[in-house]
Amino acid sequence: MHAYQITPGAGIESLEAIKLSKRELQHQEVRVKVRAVALNYRDLMVAHGSYPTSGEGAVVPGSDAAGEVVEVGPGVKRFRVGDRVATAFFPEWEDGKVSPIKTAVTLGAGGAGVLSEELVIHEGGLAAVPAHLSYEEAATLTCAGVTAWNALFVEGGLKAGDTVLLLGTGGVSIWALQLAKAAGVRTIVTSSSDAKLERARELGADVLVNYRKTPEWQDEVLRATDGKVVDLVLEVGGQDTLARSIASVGMGGKVAVIGGLGGGF
Ligand SMILES: NC(=O)c1ccc[n+]([C@@H]2O[C@H](COP(=O)([O-])OP(=O)(O)OC[C@H]3O[C@@H](n4cnc5c(N)ncnc54)[C@H](OP(=O)(O)O)[C@@H]3O)[C@@H](O)[C@H]2O)c1
């Protein structure tokens, strides 16, 4: 079976093709033929050695995949051969409150990831893919999609008519833009690039701000909302943006601290 591996801390140059041998399925394990893999900023962090659970040895990278079940092991109840499935970012967090134990294992950082022809995974670490999603679309749900949904609607509690501020046009922000539009939430999107802002407009963004041309972009947020500011910020910039994000929310508003693209996270 063909796969790739990377050495955390040795950079993207350390990515190399390898061959892995097949192993027999254990109790409740499922074999998945991988059809699509999605990348996240987190995969760069693993390559650079800055992801907390990267470990030291070479690892098959990647957390997000969608594919087809090709074999089920003894005791598997949730899936059958032929089912379309996607990976869960924390395969051992099936329900309930988050905890260090439930989130200790992530695919592609410390444990084997998804950049491989096939995966062997406990059925609890997989979700069924709805028929209307392609494998490519479904693969983007695992990390960026679920993070955006959780920030907007679980922790953020947004509803139609609210306003959300999305920083940059990376995976989490673009997923959030599409979910917010579908839910009737007004969106303000920032980017370093006018061309990317135009793409965001095509996806339905209501207000566009170039954060390079307008370094004090929180003032633009105030103007665009007639001083009412926003209900929620999906904060991904870290030390570059956190103070301006806090200045952009109103009383009772929330800042979902998700990442640190500018460092300090
Ligand atoms: N806590 C969690 O559960 C969780 C889950 C997923 C991701 N994250 C974190 O969230 C962050 C985003 O992840 P991602 O996968 O969406 O990243 P990504 O796809 O790599 O996003 C890159 C984009 O972010 C924008 N960006 C970079 N620096 C910025 C800054 N200083 N201010 C505003 N925008 C900036 C840029 O947009 P433009 O090119 O438009 O300027 C860049 O193209 C990362 O720090 C990641 O580790 C956390």
# chains A, B, ... in the order shown; residues from 1 in each chain; ligands from 1
>>> select_by_dssp(residues="region 13-236 of chain A", states="strand (DSSP E or B)", output="VMD selection string")
chain A and resid 16 to 19 29 to 38 59 64 to 72 84 to 87 106 to 107 109 to 111 116 118 to 122 126 to 128 163 to 166 186 to 191 207 to 210 230 to 235
>>> residues_near_ligand(ligand="ligand 1", cutoff="8 Å", atoms="only C-alpha atoms and all ligand atoms", output="JSON, numbers by chain")
{"A": [39, 40, 41, 42, 45, 143, 144, 147, 148, 167, 168, 169, 170, 171, 172, 173, 174, 190, 191, 192, 193, 196, 197, 211, 235, 236, 237, 238, 239, 240, 241, 257, 258, 259, 260, 261, 262, 265]}
>>> residues_around(residues="Glu123 (chain A)", least_positions_apart="6", cutoff="10 Å", atoms="only C-alpha atoms", output="list in words")
His27, Gln28, Glu29, Val30, Arg31, Val72, Gly73, Gly75, Val76, Lys77, Arg78, Phe79, Val85, Thr87 and Pro91 of chain A
>>> write_last_selection(atoms="N, CA and C atoms", output="PDB file, in the first residue's frame")
ATOM      1  N   HIS A  27     -11.021  -5.853  16.479  1.00  0.00           N
ATOM      2  CA  HIS A  27     -12.410  -5.631  16.878  1.00  0.00           C
ATOM      3  C   HIS A  27     -12.834  -4.188  16.593  1.00  0.00           C
ATOM      4  N   GLN A  28     -13.965  -4.017  15.918  1.00  0.00           N
ATOM      5  CA  GLN A  28     -14.589  -2.720  15.594  1.00  0.00           C
ATOM      6  C   GLN A  28     -13.748  -1.831  14.669  1.00  0.00           C
ATOM      7  N   GLU A  29     -12.755  -2.396  14.000  1.00  0.00           N
ATOM      8  CA  GLU A  29     -11.981  -1.595  13.046  1.00  0.00           C
ATOM      9  C   GLU A  29     -12.577  -1.717  11.634  1.00  0.00           C
ATOM     10  N   VAL A  30     -12.351  -0.652  10.870  1.00  0.00           N
ATOM     11  CA  VAL A  30     -12.888  -0.549   9.507  1.00  0.00           C
ATOM     12  C   VAL A  30     -11.728  -0.217   8.569  1.00  0.00           C
ATOM     13  N   ARG A  31     -11.737  -0.826   7.357  1.00  0.00           N
ATOM     14  CA  ARG A  31     -10.726  -0.441   6.360  1.00  0.00           C
ATOM     15  C   ARG A  31     -11.394   0.498   5.345  1.00  0.00           C
ATOM     16  N   VAL A  72     -14.967  -4.553   6.857  1.00  0.00           N
ATOM     17  CA  VAL A  72     -15.303  -4.272   8.265  1.00  0.00           C
ATOM     18  C   VAL A  72     -14.815  -5.428   9.130  1.00  0.00           C
ATOM     19  N   GLY A  73     -14.262  -5.075  10.292  1.00  0.00           N
ATOM     20  CA  GLY A  73     -13.736  -6.082  11.207  1.00  0.00           C
ATOM     21  C   GLY A  73     -14.832  -6.626  12.102  1.00  0.00           C
ATOM     22  N   GLY A  75     -17.387  -7.179  14.989  1.00  0.00           N
ATOM     23  CA  GLY A  75     -18.054  -6.293  15.954  1.00  0.00           C
ATOM     24  C   GLY A  75     -18.409  -4.919  15.408  1.00  0.00           C
ATOM     25  N   VAL A  76     -18.133  -4.654  14.133  1.00  0.00           N
ATOM     26  CA  VAL A  76     -18.486  -3.331  13.587  1.00  0.00           C
ATOM     27  C   VAL A  76     -19.993  -3.244  13.402  1.00  0.00           C
ATOM     28  N   LYS A  77     -20.590  -2.170  13.965  1.00  0.00           N
ATOM     29  CA  LYS A  77     -22.058  -2.042  13.919  1.00  0.00           C
ATOM     30  C   LYS A  77     -22.520  -0.894  13.038  1.00  0.00           C
ATOM     31  N   ARG A  78     -21.707   0.147  12.913  1.00  0.00           N
ATOM     32  CA  ARG A  78     -22.213   1.380  12.294  1.00  0.00           C
ATOM     33  C   ARG A  78     -22.020   1.433  10.783  1.00  0.00           C
ATOM     34  N   PHE A  79     -21.120   0.615  10.238  1.00  0.00           N
ATOM     35  CA  PHE A  79     -20.805   0.744   8.808  1.00  0.00           C
ATOM     36  C   PHE A  79     -20.803  -0.611   8.108  1.00  0.00           C
ATOM     37  N   VAL A  85     -17.602   7.473   4.020  1.00  0.00           N
ATOM     38  CA  VAL A  85     -17.300   7.949   5.377  1.00  0.00           C
ATOM     39  C   VAL A  85     -16.246   9.057   5.332  1.00  0.00           C
ATOM     40  N   THR A  87     -13.300  11.096   8.158  1.00  0.00           N
ATOM     41  CA  THR A  87     -12.625  10.941   9.450  1.00  0.00           C
ATOM     42  C   THR A  87     -13.081  12.004  10.439  1.00  0.00           C
ATOM     43  N   PRO A  91     -10.575  11.205  16.917  1.00  0.00           N
ATOM     44  CA  PRO A  91     -11.308   9.943  16.770  1.00  0.00           C
ATOM     45  C   PRO A  91     -11.781   9.353  18.094  1.00  0.00           C
TER      46      PRO A  91
END
>>> residues_around(residues="Ala180 (chain A)", least_positions_apart="2", cutoff="12 Å", atoms="only C-alpha atoms", output="CSV table (one decimal) with C-alpha atoms, in the first residue's frame")
chain,number,residue,atom,x,y,z
A,145,GLY,CA,-15.7,22.5,8.6
A,148,ALA,CA,-16.3,26.7,11.8
A,149,TRP,CA,-19.7,25.1,12.7
A,150,ASN,CA,-18.8,24.7,16.4
A,151,ALA,CA,-17.6,28.3,16.6
A,152,LEU,CA,-20.6,29.8,14.8
A,153,PHE,CA,-23.5,27.9,16.2
A,156,GLY,CA,-21.2,31.3,19.3
A,157,GLY,CA,-24.9,30.6,19.3
A,158,LEU,CA,-25.5,32.8,16.2
A,159,LYS,CA,-28.9,33.1,14.6
A,160,ALA,CA,-30.3,34.7,11.5
A,161,GLY,CA,-29.8,38.5,11.5
A,162,ASP,CA,-26.6,38.4,13.6
A,163,THR,CA,-23.2,39.6,12.3
A,164,VAL,CA,-19.9,37.6,12.3
A,165,LEU,CA,-16.4,38.8,11.5
A,166,LEU,CA,-14.2,36.3,9.6
A,172,VAL,CA,-11.9,27.8,8.6
A,173,SER,CA,-13.0,31.3,7.5
A,174,ILE,CA,-14.3,30.2,4.1
A,175,TRP,CA,-16.2,27.3,5.7
A,176,ALA,CA,-17.7,29.8,8.2
A,177,LEU,CA,-18.6,32.2,5.4
A,178,GLN,CA,-20.7,29.5,3.6
A,182,ALA,CA,-26.8,29.5,4.7
A,183,ALA,CA,-28.1,30.5,8.2
A,184,GLY,CA,-28.9,34.1,7.3
A,185,VAL,CA,-26.0,35.6,9.3
A,186,ARG,CA,-24.4,38.8,8.0
A,187,THR,CA,-20.6,38.4,7.2
A,188,ILE,CA,-17.7,40.7,7.3
A,189,VAL,CA,-14.6,39.2,5.7
A,203,LEU,CA,-19.6,33.3,-2.0
A,204,GLY,CA,-21.9,35.9,-0.4
A,205,ALA,CA,-19.8,38.0,1.9
A,206,ASP,CA,-21.6,41.2,2.8
A,232,LEU,CA,-18.9,37.1,17.0
A,234,LEU,CA,-13.7,33.9,14.5
>>> residues_around(residues="Gly252 (chain A)", least_positions_apart="3", cutoff="10 Å", atoms="only C-alpha atoms", output="mmCIF file with C-alpha atoms, in the first residue's frame")
data_model
loop_
_atom_site.group_PDB
_atom_site.id
_atom_site.type_symbol
_atom_site.label_atom_id
_atom_site.label_comp_id
_atom_site.auth_asym_id
_atom_site.auth_seq_id
_atom_site.Cartn_x
_atom_site.Cartn_y
_atom_site.Cartn_z
ATOM 1 C CA VAL A 230 -20.331 42.367 15.569
ATOM 2 C CA ASP A 231 -21.824 39.498 17.577
ATOM 3 C CA LEU A 232 -18.920 37.089 17.017
ATOM 4 C CA VAL A 249 -17.313 42.906 19.239
#
>>> closest_residue(among="A:Gly11, A:Gly125, A:Pro74, A:Pro61", to="Glu24 (chain A)", atoms="only C-alpha atoms")
A:Pro74
>>> closest_residue(among="A:Val129, A:Leu119, A:Val69, A:Leu44", to="Ala86 (chain A)", atoms="only C-alpha atoms")
A:Val129
>>> atom_distance(atom1="CA of Gly62 (chain A)", atom2="CA of Gly110 (chain A)")
11.0 Å
>>> atom_distance(atom1="CA of Leu20 (chain A)", atom2="CA of Gly113 (chain A)")
12.7 Å
>>> residues_around(residues="Glu220 (chain A)", least_positions_apart="3", cutoff="10 Å", atoms="only C-alpha atoms", output="list in words")
Ile188, Val207, Leu208, Val209, Asn210, Tyr211, Thr214, Pro215, Glu216, Trp217, Arg223, Ala224, Thr225, Asp226, Gly227, Val229 and Ser248 of chain A
>>> write_last_selection(atoms="C-alpha atoms", output="tab-separated table (two decimals), in the first residue's frame")
chain	number	residue	atom	x	y	z
A	188	ILE	CA	-17.67	40.74	7.28
A	207	VAL	CA	-18.68	43.49	3.78
A	208	LEU	CA	-15.10	43.19	2.53
A	209	VAL	CA	-12.01	44.75	4.15
A	210	ASN	CA	-8.41	44.50	2.92
A	211	TYR	CA	-6.38	44.27	6.15
A	214	THR	CA	-6.61	49.13	6.07
A	215	PRO	CA	-4.39	48.11	9.02
A	216	GLU	CA	-6.89	49.61	11.51
A	217	TRP	CA	-9.64	47.36	10.11
A	223	ARG	CA	-18.37	51.91	10.21
A	224	ALA	CA	-19.89	48.96	8.36
A	225	THR	CA	-22.12	48.14	11.34
A	226	ASP	CA	-23.08	51.77	12.15
A	227	GLY	CA	-21.20	51.45	15.43
A	229	VAL	CA	-20.04	46.15	15.99
A	248	SER	CA	-14.80	44.66	16.95
>>> residues_around(residues="Val114 (chain A)", least_positions_apart="3", cutoff="8 Å", atoms="only C-alpha atoms", output="PyMOL selection string")
chain A and resi 34+37+60-65+107-108+118-119
>>> write_last_selection(atoms="C-alpha atoms", output="mmCIF file, in the first residue's frame")
data_model
loop_
_atom_site.group_PDB
_atom_site.id
_atom_site.type_symbol
_atom_site.label_atom_id
_atom_site.label_comp_id
_atom_site.auth_asym_id
_atom_site.auth_seq_id
_atom_site.Cartn_x
_atom_site.Cartn_y
_atom_site.Cartn_z
ATOM 1 C CA VAL A 34 -9.149 6.968 0.744
ATOM 2 C CA VAL A 37 -7.697 14.287 1.549
ATOM 3 C CA VAL A 60 1.875 9.602 7.904
ATOM 4 C CA PRO A 61 0.507 13.195 7.839
ATOM 5 C CA GLY A 62 -3.003 14.599 7.495
ATOM 6 C CA SER A 63 -6.204 14.475 9.559
ATOM 7 C CA ASP A 64 -8.953 14.995 6.984
ATOM 8 C CA ALA A 65 -10.073 12.279 4.587
ATOM 9 C CA LEU A 107 -4.699 11.618 13.022
ATOM 10 C CA GLY A 108 -1.365 12.659 11.493
ATOM 11 C CA GLU A 118 -6.080 2.956 2.835
ATOM 12 C CA LEU A 119 -6.837 3.642 6.499
#
>>> select_by_dssp(residues="region 33-257 of chain A", states="alpha helix (DSSP H)", output="JSON, numbers by chain")
{"A": [41, 42, 43, 44, 45, 46, 47, 48, 135, 136, 137, 138, 139, 146, 147, 148, 149, 171, 172, 173, 174, 175, 176, 177, 178, 179, 180, 181, 182, 194, 195, 196, 197, 198, 199, 200, 201, 202, 217, 218, 219, 220, 221, 222, 223, 224, 242, 243, 244, 245, 246, 247, 248]}
>>> closest_residue(among="A:Glu202, A:Glu92, A:Glu117, A:Asp83", to="Ser21 (chain A)", atoms="only C-alpha atoms")
A:Glu117
>>> atom_distance(atom1="CA of Ala247 (chain A)", atom2="CA of Arg212 (chain A)")
17.8 Å
>>> closest_residue(among="A:Pro130, A:Gly250, A:Gly49, A:Gly124", to="Ala88 (chain A)", atoms="only C-alpha atoms")
A:Gly124
>>> closest_atom_pairs(of="region 86-190 of chain A", to="region 50-56 of chain A", cutoff="9 Å", atoms="only C-alpha atoms", output="Markdown table")
| residue | atom | partner | partner_atom | distance |
| --- | --- | --- | --- | --- |
| A:Ala104 | CA | A:Thr53 | CA | 7.9 |
| A:Val105 | CA | A:Thr53 | CA | 8.2 |
| A:Thr106 | CA | A:Thr53 | CA | 8.1 |
| A:Gly108 | CA | A:Ser54 | CA | 7.9 |
| A:Ala109 | CA | A:Ser54 | CA | 4.3 |
| A:Gly110 | CA | A:Ser54 | CA | 4.9 |
| A:Gly111 | CA | A:Ser54 | CA | 8.4 |
>>> write_last_selection(atoms="C-alpha atoms", output="mmCIF file, in the first residue's frame")
data_model
loop_
_atom_site.group_PDB
_atom_site.id
_atom_site.type_symbol
_atom_site.label_atom_id
_atom_site.label_comp_id
_atom_site.auth_asym_id
_atom_site.auth_seq_id
_atom_site.Cartn_x
_atom_site.Cartn_y
_atom_site.Cartn_z
ATOM 1 C CA ALA A 104 -5.028 13.088 23.113
ATOM 2 C CA VAL A 105 -5.117 11.292 19.741
ATOM 3 C CA THR A 106 -5.362 13.131 16.423
ATOM 4 C CA GLY A 108 -1.365 12.659 11.493
ATOM 5 C CA ALA A 109 0.215 14.125 14.639
ATOM 6 C CA GLY A 110 1.601 11.541 17.002
ATOM 7 C CA GLY A 111 -0.588 8.840 15.402
#
>>> decode(residues="region 216-248 of chain A", atoms="N, CA and C atoms", output="CSV table (one decimal), in the first residue's frame")
chain,number,residue,atom,x,y,z
A,216,GLU,N,-6.0,49.4,10.4
A,216,GLU,CA,-6.9,49.6,11.5
A,216,GLU,C,-8.3,49.1,11.1
A,217,TRP,N,-8.4,47.9,10.7
A,217,TRP,CA,-9.6,47.4,10.1
A,217,TRP,C,-10.8,47.3,11.1
A,218,GLN,N,-10.5,47.4,12.4
A,218,GLN,CA,-11.6,47.4,13.4
A,218,GLN,C,-12.4,48.6,13.2
A,219,ASP,N,-11.8,49.8,12.7
A,219,ASP,CA,-12.6,51.0,12.5
A,219,ASP,C,-13.6,50.8,11.4
A,220,GLU,N,-13.1,50.0,10.4
A,220,GLU,CA,-14.0,49.7,9.2
A,220,GLU,C,-15.2,48.9,9.7
A,221,VAL,N,-14.9,47.9,10.6
A,221,VAL,CA,-16.0,47.1,11.1
A,221,VAL,C,-17.0,48.0,11.8
A,222,LEU,N,-16.5,49.0,12.6
A,222,LEU,CA,-17.5,49.9,13.3
A,222,LEU,C,-18.3,50.6,12.3
A,223,ARG,N,-17.6,51.1,11.2
A,223,ARG,CA,-18.4,51.9,10.2
A,223,ARG,C,-19.4,51.0,9.5
A,224,ALA,N,-19.0,49.8,9.1
A,224,ALA,CA,-19.9,49.0,8.4
A,224,ALA,C,-21.1,48.5,9.2
A,225,THR,N,-21.0,48.6,10.5
A,225,THR,CA,-22.1,48.1,11.3
A,225,THR,C,-22.8,49.3,12.0
A,226,ASP,N,-22.5,50.6,11.5
A,226,ASP,CA,-23.1,51.8,12.2
A,226,ASP,C,-22.8,51.8,13.7
A,227,GLY,N,-21.6,51.4,14.0
A,227,GLY,CA,-21.2,51.4,15.4
A,227,GLY,C,-21.7,50.3,16.3
A,228,LYS,N,-22.5,49.4,15.7
A,228,LYS,CA,-23.1,48.4,16.5
A,228,LYS,C,-22.2,47.2,16.7
A,229,VAL,N,-21.1,47.2,16.0
A,229,VAL,CA,-20.0,46.2,16.0
A,229,VAL,C,-20.7,44.8,15.8
A,230,VAL,N,-19.9,43.7,16.0
A,230,VAL,CA,-20.3,42.4,15.6
A,230,VAL,C,-20.7,41.5,16.8
A,231,ASP,N,-21.4,40.4,16.5
A,231,ASP,CA,-21.8,39.5,17.6
A,231,ASP,C,-20.7,38.5,17.9
A,232,LEU,N,-19.9,38.1,16.9
A,232,LEU,CA,-18.9,37.1,17.0
A,232,LEU,C,-17.8,37.3,16.1
A,233,VAL,N,-16.5,37.1,16.5
A,233,VAL,CA,-15.4,37.1,15.7
A,233,VAL,C,-14.8,35.7,15.7
A,234,LEU,N,-14.5,35.1,14.5
A,234,LEU,CA,-13.7,33.9,14.5
A,234,LEU,C,-12.3,34.3,14.4
A,235,GLU,N,-11.6,34.2,15.5
A,235,GLU,CA,-10.2,34.8,15.6
A,235,GLU,C,-9.2,33.7,15.3
A,236,VAL,N,-8.5,33.9,14.2
A,236,VAL,CA,-7.5,33.0,13.7
A,236,VAL,C,-6.1,33.6,13.6
A,237,GLY,N,-6.0,34.9,13.9
A,237,GLY,CA,-4.7,35.6,13.6
A,237,GLY,C,-3.8,35.6,14.8
A,238,GLY,N,-4.3,35.4,16.0
A,238,GLY,CA,-3.4,35.4,17.2
A,238,GLY,C,-2.9,36.8,17.5
A,239,GLN,N,-1.6,36.9,17.8
A,239,GLN,CA,-1.0,38.2,18.2
A,239,GLN,C,-1.2,39.3,17.2
A,240,ASP,N,-1.3,39.0,15.9
A,240,ASP,CA,-1.5,40.0,14.9
A,240,ASP,C,-2.9,40.7,15.0
A,241,THR,N,-3.9,40.0,15.5
A,241,THR,CA,-5.2,40.4,15.3
A,241,THR,C,-6.1,40.5,16.6
A,242,LEU,N,-5.7,39.8,17.7
A,242,LEU,CA,-6.6,39.6,18.8
A,242,LEU,C,-7.1,40.9,19.4
A,243,ALA,N,-6.3,41.9,19.6
A,243,ALA,CA,-6.7,43.2,20.2
A,243,ALA,C,-7.8,43.9,19.3
A,244,ARG,N,-7.6,43.8,17.9
A,244,ARG,CA,-8.5,44.4,17.0
A,244,ARG,C,-9.8,43.6,17.0
A,245,SER,N,-9.7,42.3,17.1
A,245,SER,CA,-10.9,41.5,17.2
A,245,SER,C,-11.8,41.8,18.4
A,246,ILE,N,-11.1,42.0,19.5
A,246,ILE,CA,-11.8,42.4,20.8
A,246,ILE,C,-12.5,43.7,20.6
A,247,ALA,N,-11.8,44.6,19.9
A,247,ALA,CA,-12.4,46.0,19.6
A,247,ALA,C,-13.6,45.9,18.7
A,248,SER,N,-13.8,44.8,18.0
A,248,SER,CA,-14.8,44.7,16.9
A,248,SER,C,-16.1,44.1,17.5
